[in-house]
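Colleague: What follows is final-v2.txt; its format and atoms are compact mmCIF, C-alpha atoms.
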# COMPACT_ATOMS: atom_id res chain seq x y z
CA MET O 286 120.95 115.47 84.77
CA ALA O 287 123.04 112.30 84.69
CA MET O 288 121.61 108.90 85.62
CA GLY O 289 118.01 110.07 85.47
CA VAL O 290 118.20 112.08 88.70
CA ASN O 291 119.34 115.56 89.66
CA GLU O 292 122.93 115.22 90.90
CA GLU O 293 122.60 118.02 93.43
CA MET O 294 119.26 116.74 94.79
CA PRO O 295 119.00 113.08 93.69
CA ILE O 296 115.46 112.70 95.00
CA LEU O 297 114.37 114.71 91.96
CA LYS O 298 113.94 112.31 89.04
CA ALA O 299 114.53 113.33 85.45
CA ASN O 300 111.21 111.95 84.23
CA ARG O 301 109.34 114.48 86.34
CA LEU O 302 108.50 118.15 85.74
CA SER O 303 108.53 120.55 88.69
CA SER O 304 105.14 121.33 90.17
CA GLY O 305 106.36 124.82 91.04
CA ILE O 306 105.93 123.99 94.75
CA ALA O 307 109.28 123.00 96.31
CA ASP O 308 107.87 120.80 99.08
CA LEU O 309 105.50 119.04 96.68
CA ASP O 310 108.42 118.35 94.32
CA ILE O 311 110.21 116.51 97.10
CA ILE O 312 107.12 114.45 97.95
CA LEU O 313 106.62 113.62 94.26
CA GLU O 314 110.34 112.97 93.73
CA GLY O 315 110.67 115.71 91.16
CA GLY O 316 107.13 116.80 90.28
CA TYR O 317 104.45 115.55 87.91
CA PHE O 318 105.10 112.80 85.36
CA ASN O 319 106.87 114.02 82.29
CA PRO O 320 105.66 113.40 79.72
CA GLY O 321 102.27 112.89 81.28
CA ASN O 322 98.60 113.72 81.43
CA ILE O 323 97.49 114.63 84.93
CA VAL O 324 93.92 115.08 86.11
CA MET O 325 93.34 117.19 89.19
CA ILE O 326 89.89 116.89 90.75
CA GLY O 327 88.74 119.29 93.41
CA PRO O 328 86.06 121.65 94.67
CA SER O 329 85.07 124.44 92.33
CA GLY O 330 87.06 127.06 94.26
CA ILE O 331 90.61 128.37 93.77
CA GLU O 332 92.40 125.38 95.30
CA LYS O 333 93.08 123.15 92.30
CA ALA O 334 93.64 126.19 90.10
CA ALA O 335 96.39 127.30 92.49
CA PHE O 336 98.30 124.07 91.81
CA ALA O 337 97.84 124.55 88.07
CA TYR O 338 99.00 128.18 88.22
CA HIS O 339 102.12 127.22 90.21
CA PHE O 340 102.86 124.62 87.55
CA ALA O 341 102.46 127.08 84.66
CA ALA O 342 104.39 129.83 86.42
CA SER O 343 107.40 127.59 87.08
CA VAL O 344 108.01 127.47 83.33
CA GLY O 345 111.76 127.50 82.70
CA PRO O 346 113.71 129.46 80.11
CA ASN O 347 113.72 126.51 77.71
CA GLU O 348 110.03 125.74 78.18
CA ASN O 349 106.66 127.07 77.06
CA ALA O 350 103.45 127.08 79.07
CA TYR O 351 99.92 127.25 77.72
CA VAL O 352 96.76 127.87 79.71
CA ILE O 353 93.54 126.86 77.98
CA CYS O 354 90.83 129.11 79.42
CA GLY O 355 87.40 127.55 79.54
CA ASN O 356 85.50 129.62 82.07
CA SER O 357 87.59 132.75 82.69
CA SER O 358 89.45 135.20 80.51
CA PRO O 359 93.27 135.25 80.49
CA ALA O 360 93.18 138.57 82.35
CA ASP O 361 90.97 137.08 85.09
CA ILE O 362 93.29 134.10 85.41
CA ILE O 363 96.37 136.32 85.63
CA ASN O 364 94.64 138.42 88.31
CA LYS O 365 93.46 135.38 90.27
CA ALA O 366 96.98 133.95 90.18
CA SER O 367 98.51 137.23 91.32
CA THR O 368 96.29 137.28 94.42
CA LEU O 369 98.09 134.03 95.30
CA GLY O 370 101.50 135.53 94.66
CA ILE O 371 101.82 133.62 91.37
CA ASN O 372 103.00 135.48 88.29
CA LEU O 373 101.50 134.24 85.02
CA ASN O 374 102.51 137.35 83.10
CA LYS O 375 105.64 135.88 81.57
CA PRO O 376 106.83 135.97 77.96
CA ASN O 377 106.74 132.17 77.62
CA ILE O 378 103.24 131.72 79.06
CA SER O 379 100.48 131.91 76.43
CA PHE O 380 96.74 131.51 76.58
CA ILE O 381 94.18 129.75 74.40
CA ASP O 382 91.07 131.77 75.26
CA CYS O 383 87.87 129.80 74.79
CA TYR O 384 85.84 132.07 77.05
CA SER O 385 86.03 135.74 76.09
CA ALA O 386 84.54 135.33 72.61
CA THR O 387 81.33 133.99 74.19
CA LEU O 388 80.94 137.38 75.86
CA GLY O 389 82.04 139.30 72.77
CA LYS O 390 85.13 140.52 74.62
CA ALA O 391 87.96 138.59 72.98
CA ASP O 392 91.36 140.31 72.74
CA GLU O 393 92.70 139.42 69.32
CA THR O 394 95.51 141.98 69.43
CA ASN O 395 97.61 140.28 72.08
CA PRO O 396 100.08 137.83 70.47
CA LYS O 397 100.14 135.73 73.65
CA ILE O 398 96.41 135.08 73.46
CA LYS O 399 94.90 132.83 70.81
CA VAL O 400 91.14 133.20 70.62
CA VAL O 401 88.72 130.33 70.07
CA SER O 402 84.99 130.93 69.54
CA GLY O 403 83.99 128.98 72.65
CA PRO O 404 84.42 125.77 74.68
CA GLY O 405 82.30 123.94 72.09
CA ALA O 406 84.93 124.46 69.38
CA LEU O 407 87.07 121.43 70.17
CA ASN O 408 88.50 121.25 66.65
CA ASP O 409 89.77 124.80 66.94
CA VAL O 410 91.30 124.04 70.35
CA SER O 411 93.00 121.04 68.80
CA LEU O 412 94.38 123.18 65.97
CA MET O 413 95.64 125.79 68.44
CA LEU O 414 97.41 123.06 70.40
CA ASN O 415 99.02 121.87 67.17
CA ASP O 416 100.35 125.39 66.62
CA ALA O 417 101.57 125.49 70.20
CA ILE O 418 103.41 122.21 69.67
CA LYS O 419 105.09 123.61 66.54
CA ASP O 420 106.07 126.79 68.40
CA SER O 421 107.55 124.70 71.20
CA ALA O 422 109.79 122.51 69.06
CA GLY O 423 112.88 121.63 71.10
CA LYS O 424 111.33 122.92 74.31
CA LYS O 425 109.43 121.31 77.16
CA MET O 426 105.71 122.12 77.24
CA ARG O 427 103.46 122.72 80.22
CA VAL O 428 99.74 122.77 79.47
CA VAL O 429 96.87 123.60 81.81
CA PHE O 430 93.16 123.08 81.04
CA ASP O 431 91.28 125.53 83.26
CA THR O 432 88.89 123.74 83.49
CA LEU O 433 88.30 120.56 81.51
CA SER O 434 84.86 120.40 83.18
CA THR O 435 83.76 123.41 81.13
CA PHE O 436 84.61 121.65 77.87
CA VAL O 437 82.85 118.49 79.04
CA LEU O 438 79.69 120.45 79.78
CA TYR O 439 79.72 122.12 76.34
CA ASN O 440 80.31 119.00 74.25
CA PRO O 441 78.78 115.55 73.75
CA GLN O 442 80.60 112.70 75.53
CA ASP O 443 81.70 111.15 72.27
CA SER O 444 83.36 114.36 71.11
CA ILE O 445 85.15 114.74 74.43
CA ARG O 446 86.35 111.15 74.28
CA LYS O 447 87.79 111.62 70.79
CA PHE O 448 89.27 115.03 71.66
CA LEU O 449 91.01 113.71 74.78
CA SER O 450 92.38 110.61 73.12
CA VAL O 451 93.90 112.76 70.36
CA ILE O 452 95.39 115.54 72.45
CA GLU O 453 96.58 113.30 75.29
CA GLY O 454 98.59 111.25 72.81
CA ARG O 455 99.81 114.25 70.88
CA LEU O 456 101.00 116.17 73.94
CA LYS O 457 102.69 113.14 75.41
CA SER O 458 104.47 112.40 72.15
CA VAL O 459 106.15 115.82 72.24
CA GLY O 460 107.23 115.42 75.87
CA ALA O 461 104.63 117.70 77.41
CA THR O 462 103.00 117.52 80.81
CA ALA O 463 99.36 118.61 80.85
CA ILE O 464 97.18 119.23 83.88
CA TYR O 465 93.42 118.95 83.39
CA LEU O 466 91.36 120.60 86.12
CA VAL O 467 88.05 118.88 86.87
CA ASP O 468 85.36 120.18 89.20
CA ASP O 469 84.33 117.71 91.86
CA GLY O 470 80.64 116.83 92.07
CA VAL O 471 79.81 118.13 88.60
CA HIS O 472 80.20 114.96 86.55
CA ASP O 473 78.68 111.53 86.96
CA LYS O 474 80.74 108.35 87.35
CA GLN O 475 80.64 107.50 83.67
CA VAL O 476 82.00 110.88 82.62
CA LEU O 477 84.69 110.78 85.32
CA SER O 478 85.79 107.35 84.09
CA LEU O 479 85.96 108.73 80.57
CA ILE O 480 88.13 111.63 81.76
CA GLU O 481 90.45 109.48 83.89
CA HIS O 482 90.76 106.77 81.25
CA GLY O 483 93.78 108.13 79.38
CA MET O 484 95.38 109.95 82.30
CA ASP O 485 98.70 108.96 83.87
CA GLU O 486 98.01 110.32 87.35
CA THR O 487 94.98 111.53 89.30
CA TYR O 488 95.29 114.05 92.11
CA THR O 489 92.32 114.87 94.30
CA ILE O 490 91.82 117.88 96.51
CA GLU O 491 89.32 117.35 99.30
CA ASP O 492 87.69 119.74 101.69
CA ARG O 493 87.68 118.06 105.10
CA GLY O 494 85.68 120.38 107.25
CA GLY O 495 87.27 123.58 106.04
CA LYS O 496 90.79 122.11 105.89
CA PHE O 497 92.05 121.00 102.54
CA VAL O 498 94.08 117.90 101.78
CA MET O 499 95.62 116.62 98.58
CA VAL O 500 95.36 112.92 97.88
CA LEU O 501 98.31 111.80 95.80
CA PRO O 502 98.53 108.73 93.58
CA GLU O 503 100.36 105.83 95.26
CA LEU O 504 100.48 107.51 98.64
CA ASP O 505 98.12 106.41 101.40
CA MET O 506 98.52 109.53 103.46
CA PRO O 507 96.60 112.67 102.37
CA ILE O 508 98.78 115.76 102.41
CA PRO O 509 97.38 118.78 104.28
CA ILE O 510 97.59 121.93 102.19
CA LYS O 511 96.88 125.59 102.71
CA ILE O 512 96.14 128.20 100.06
CA GLY O 513 97.13 131.73 100.92
CA PRO O 514 98.69 134.93 99.57
CA ALA O 515 101.90 133.04 98.85
CA GLY O 516 100.09 130.31 96.94
CA VAL O 517 100.02 126.66 98.01
CA ALA O 518 101.80 125.60 101.18
CA ILE O 519 102.27 121.94 102.09
CA GLN O 520 101.75 121.55 105.83
CA MET K 223 134.82 100.17 88.99
CA ALA K 224 132.46 97.25 89.62
CA GLY K 225 135.38 94.84 90.02
CA GLU K 226 137.07 96.94 92.68
CA LEU K 227 133.78 97.42 94.52
CA ASP K 228 133.10 93.66 94.38
CA ALA K 229 136.48 93.04 96.00
CA ILE K 230 135.78 95.55 98.77
CA LEU K 231 132.31 94.11 99.44
CA ASN K 232 133.65 90.53 99.43
CA GLU K 233 136.31 91.51 101.96
CA MET K 234 133.62 93.05 104.15
CA LYS K 235 131.44 89.94 103.67
CA ALA K 236 134.32 87.76 104.89
CA LYS K 237 134.02 89.69 108.16
CA GLY K 238 130.34 88.79 108.40
CA ILE K 239 128.89 92.01 106.96
CA GLY K 240 126.82 91.86 103.77
CA GLY K 241 126.64 95.00 101.73
CA ALA K 242 125.95 96.74 98.44
CA VAL K 243 126.80 99.80 96.41
CA VAL K 244 123.79 101.41 94.81
CA ARG K 245 123.68 104.40 92.47
CA VAL K 246 121.43 107.30 93.51
CA ASP K 247 119.04 106.49 90.66
CA GLY K 248 118.48 103.01 92.05
CA VAL K 249 120.85 100.97 89.87
CA ALA K 250 122.70 98.29 91.85
CA VAL K 251 126.42 98.47 91.05
CA ALA K 252 127.76 95.69 93.27
CA SER K 253 126.26 93.56 96.01
CA THR K 254 126.90 90.65 98.37
CA ILE K 255 123.32 90.59 99.61
CA ALA K 256 120.17 89.59 97.73
CA LEU K 257 119.21 92.79 95.94
CA ASN K 258 116.67 92.94 93.17
CA ASP K 259 115.69 95.99 91.09
CA LEU K 260 112.95 96.97 93.52
CA SER K 261 115.06 96.86 96.66
CA SER K 262 117.99 98.75 95.15
CA GLY K 263 115.50 101.43 94.07
CA LEU K 264 114.07 101.56 97.58
CA LEU K 265 117.53 101.88 99.13
CA ALA K 266 118.31 104.80 96.83
CA SER K 267 114.92 106.34 97.56
CA VAL K 268 115.45 106.19 101.34
CA ALA K 269 118.90 107.75 101.00
CA ASN K 270 117.64 110.44 98.61
CA THR K 271 114.64 111.32 100.80
CA SER K 272 116.87 111.66 103.84
CA ASP K 273 119.32 113.73 101.76
CA ALA K 274 116.51 116.06 100.65
CA MET K 275 115.30 116.48 104.24
CA MET K 276 118.77 117.43 105.43
CA LYS K 277 119.32 119.85 102.55
CA ARG K 278 116.02 121.56 103.30
CA MET K 279 117.44 122.21 106.76
CA ASP K 280 120.65 123.56 105.20
CA ASP K 281 122.58 120.58 106.46
CA ARG K 282 124.21 117.57 104.81
CA GLN K 283 123.81 113.95 105.77
CA LYS K 284 126.84 111.82 106.65
CA GLU K 285 125.11 108.48 107.03
CA ILE K 286 121.72 106.88 107.55
CA GLU K 287 120.79 104.02 109.85
CA VAL K 288 117.63 101.97 109.53
CA ALA K 289 117.06 99.53 112.38
CA PHE K 290 115.16 96.31 111.65
CA ASP K 291 114.50 93.40 113.94
CA GLY K 292 118.03 92.23 114.82
CA LEU K 293 119.70 94.04 111.92
CA ILE K 294 120.83 97.58 111.19
CA LEU K 295 121.14 98.87 107.65
CA VAL K 296 123.84 101.52 107.44
CA MET K 297 123.88 103.70 104.32
CA ILE K 298 126.78 106.02 103.62
CA PRO K 299 126.48 108.49 100.70
CA LEU K 300 129.51 108.42 98.39
CA LYS K 301 129.26 111.05 95.65
CA ASN K 302 126.50 109.70 93.33
CA HIS K 303 126.34 106.34 95.10
CA VAL K 304 125.25 104.89 98.40
CA PHE K 305 127.42 102.35 100.22
CA CYS K 306 125.27 99.96 102.28
CA GLY K 307 126.19 97.51 105.03
CA MET K 308 123.93 95.19 107.03
CA ILE K 309 125.28 94.92 110.58
CA LYS K 310 124.09 93.06 113.66
CA ASP K 311 125.42 95.47 116.25
CA ARG K 312 126.73 99.00 116.34
CA GLU K 313 130.32 97.99 116.89
CA GLU K 314 130.41 96.74 113.31
CA LYS K 315 129.48 100.18 112.02
CA LYS K 316 133.09 101.32 112.13
CA THR K 317 133.99 98.46 109.78
CA VAL K 318 131.34 99.58 107.31
CA GLN K 319 132.63 103.17 107.49
CA GLU K 320 136.20 101.98 106.78
CA TYR K 321 135.12 100.00 103.73
CA ALA K 322 132.99 102.92 102.52
CA LEU K 323 136.10 105.07 102.64
CA LYS K 324 137.96 102.49 100.53
CA ALA K 325 135.09 102.36 98.05
CA LYS K 326 135.05 106.16 97.69
CA ALA K 327 138.11 106.01 95.45
CA PHE K 328 136.22 103.85 92.93
CA VAL K 329 132.93 105.70 92.58
CA SER K 330 132.15 108.89 90.67
Could you render the structure from this file as structure tokens?

Modeller:
Amino acid sequence: MAMGVNEEMPILKANRLSSGIADLDIILEGGYFNPGNIVMIGPSGIEKAAFAYHFAASVGPNENAYVICGNSSPADIINKASTLGINLNKPNISFIDCYSATLGKADETNPKIKVVSGPGALNDVSLMLNDAIKDSAGKKMRVVFDTLSTFVLYNPQDSIRKFLSVIEGRLKSVGATAIYLVDDGVHDKQVLSLIEHGMDETYTIEDRGGKFVMVLPELDMPIPIKIGPAGVAIQ
Amino acid sequence: MAGELDAILNEMKAKGIGGAVVRVDGVAVASTIALNDLSSGLLASVANTSDAMMKRMDDRQKEIEVAFDGLILVMIPLKNHVFCGMIKDREEKKTVQEYALKAKAFVS
């Protein structure tokens, strides 16, 4: 890309990473901030996860994607994504599984899955992310926390604050874009402020009487969205 | 390049039409109208958004017009640039198109 924009489609800026949803990329002029830390707040259903799965699945040949699983196993996430027509079973998509070990069902044989003892083991998650950064040297990184809310519920606020300030800086310094999924209505104002403090952008998904909209940063108009068998559609 | 574009824009200005050449990433290359960083970025953004809309419909844009109160902003894509002219009535549009064609030789 010359001049900081895509020459074929100049609305797409170079400092953005594709969301994996073509229409959303045009609205966002290229995608999510890159490098950037993005928080996505929404109801506890599949909606915000769908955006995160699109983002991970649009990983390019010179990129790596990592999904940090807080409340589902990698297999469950892959299945959930496939019901939306999103394929997360790709060679350059890996998982940091912080869920399965809590049930005694961790798969330690799969090289694409790194197992952590549970969402309370923030140090181990941090070490796994360090390894991921080393493995992704020279490549763009896409990271998804599914969901950050789970980690917040398992750890004291102070630990979360320190963890976020370290990993946000570390991921940004290597040119990564990370999406942190947060469940709406689960955290109080103080915790939400803590989460949003170091983030570059906040996206909110709202349920308006059964119809969903996405509220984008710097845009007054909420965008109507629909989640279906082909994933997210911007209406 | 900038020198040749300045000459073209000055010639157009002498006919009463202010204009500018802006790169698609928002950098102003030459201008005879007041154009700060923000407005050149906005011009590029309008042209790029319109370009994206047309491409989504499998079409290509030839030019864009934005009508203000008493003024029309004409934007003509030229490779990786946008040639802009501020006209007071539609008859002047042909003049802007002619100068855009001259400028095409000097942009990449």

Colleague: Compile the contact shell of stretch 442-447 of chain O as a list of chain:residue names: residues with an atom at most 8 Å away, counting only C-alpha atoms, same-chain residues fewer than 6 positions apart removed.

Modeller: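 Residues near the query, excluding close chain neighbours: O:Phe436, O:Val476, O:Leu479, O:Ile480.
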
Colleague: Using only C-alpha atoms, which residues sit within 8 Å of stretch 410-420 of chain O once same-chain residues fewer than 6 positions away are excluded, as a CSV table (one decimal) with C-alpha atoms, keeping the file's coordinate frame?

Modeller:
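Below is the file that was written, part18.csv:
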chain,number,residue,atom,x,y,z
O,351,TYR,CA,99.9,127.2,77.7
O,381,ILE,CA,94.2,129.8,74.4
O,399,LYS,CA,94.9,132.8,70.8
O,401,VAL,CA,88.7,130.3,70.1
O,426,MET,CA,105.7,122.1,77.2
O,448,PHE,CA,89.3,115.0,71.7
O,452,ILE,CA,95.4,115.5,72.4
O,456,LEU,CA,101.0,116.2,73.9
O,459,VAL,CA,106.2,115.8,72.2

Colleague: I'd like to know which of K:Lys326, K:His303, K:Lys310, K:Lys284 is closest to chain O, using all atoms listed in the file.

Modeller: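 Once distances to chain O are computed over all atoms listed in the file, the minimum belongs to K:His303.
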
Colleague: Find the residues in chain K near chain O: any atom within 10 Å counts, using all atoms listed in the file. Write them as a JSON list (two decimals) with C-alpha atoms, in the frame of the given file.

Modeller:
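Final output, part_4.json:
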[["chain", "number", "residue", "atom", "x", "y", "z"],
["K", 245, "ARG", "CA", 123.68, 104.40, 92.47],
["K", 246, "VAL", "CA", 121.43, 107.30, 93.51],
["K", 247, "ASP", "CA", 119.04, 106.49, 90.66],
["K", 248, "GLY", "CA", 118.48, 103.01, 92.05],
["K", 249, "VAL", "CA", 120.85, 100.97, 89.87],
["K", 266, "ALA", "CA", 118.31, 104.80, 96.83],
["K", 267, "SER", "CA", 114.92, 106.34, 97.56],
["K", 268, "VAL", "CA", 115.45, 106.19, 101.34],
["K", 269, "ALA", "CA", 118.90, 107.75, 101.00],
["K", 270, "ASN", "CA", 117.64, 110.44, 98.61],
["K", 271, "THR", "CA", 114.64, 111.32, 100.80],
["K", 272, "SER", "CA", 116.87, 111.66, 103.84],
["K", 273, "ASP", "CA", 119.32, 113.73, 101.76],
["K", 274, "ALA", "CA", 116.51, 116.06, 100.65],
["K", 275, "MET", "CA", 115.30, 116.48, 104.24],
["K", 277, "LYS", "CA", 119.32, 119.85, 102.55],
["K", 278, "ARG", "CA", 116.02, 121.56, 103.30],
["K", 301, "LYS", "CA", 129.26, 111.05, 95.65],
["K", 302, "ASN", "CA", 126.50, 109.70, 93.33]]

Colleague: Find the nearest atom pair between each residue of stretch 397-508 of chain O and stretch 315-323 of chain O for residues within 8 Å, count all atoms listed in the file, give distances in Å to one decimal, sort rows by chain and ascending number, and present the table as a tab-separated table.

Modeller:
residue	atom	partner	partner_atom	distance
O:Glu453	CA	O:Asn322	CA	6.5
O:Leu456	CA	O:Pro320	CA	7.9
O:Lys457	CA	O:Pro320	CA	5.2
O:Ser458	CA	O:Pro320	CA	7.7
O:Val459	CA	O:Pro320	CA	7.9
O:Gly460	CA	O:Pro320	CA	4.6
O:Ala461	CA	O:Pro320	CA	5.0
O:Thr462	CA	O:Gly321	CA	4.7
O:Ala463	CA	O:Asn322	CA	5.0
O:Ile464	CA	O:Ile323	CA	4.7
O:Tyr465	CA	O:Ile323	CA	6.1
O:Gly483	CA	O:Asn322	CA	7.7
O:Met484	CA	O:Asn322	CA	5.0
O:Asp485	CA	O:Asn322	CA	5.3
O:Glu486	CA	O:Ile323	CA	5.0
O:Thr487	CA	O:Ile323	CA	5.9
O:Tyr488	CA	O:Ile323	CA	7.5

Colleague: As a VMD selection string, please: the residues near stretch 332-345 of chain O (cut-off 10 Å, all atoms listed in the file, same-chain neighbours under 4 positions excluded).

Modeller: chain O and resid 302 to 306 316 to 317 325 to 328 349 to 352 362 to 363 365 to 367 369 to 375 377 to 379 424 to 432 462 to 468 488 to 492 497 499 510 to 513 516 to 517

Colleague: Suppose you want the space between atom CA of O:Ile398 and atom CA of O:Phe380; what is it in Å?

Modeller: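 Distance between the two atoms: 4.8 Å.
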
Colleague: Which of these, K:Leu260, K:Cys306, K:Met223, K:Ala325, has the shortest distance to K:Gly240 once you count all atoms listed in the file?

Modeller: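 Closest residue, counting all atoms listed in the file: K:Cys306.
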
Colleague: Please provide as a short mmCIF file (atom, residue, chain, number, x, y, z; two decimals) with C-alpha atoms, keeping the file's coordinate frame all residues within 8 Å of K:Ala252, with the sequence filter that same-chain residues fewer than 6 positions apart are discarded (counting only C-alpha atoms).

Modeller:
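Wrote result_35.cif, looks like this:
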data_model
loop_
_atom_site.label_atom_id
_atom_site.label_comp_id
_atom_site.auth_asym_id
_atom_site.auth_seq_id
_atom_site.Cartn_x
_atom_site.Cartn_y
_atom_site.Cartn_z
CA ALA K 224 132.46 97.25 89.62
CA LEU K 227 133.78 97.42 94.52
CA ASP K 228 133.10 93.66 94.38
CA LEU K 231 132.31 94.11 99.44
CA ALA K 242 125.95 96.74 98.44
CA VAL K 243 126.80 99.80 96.41
CA VAL K 244 123.79 101.41 94.81
#
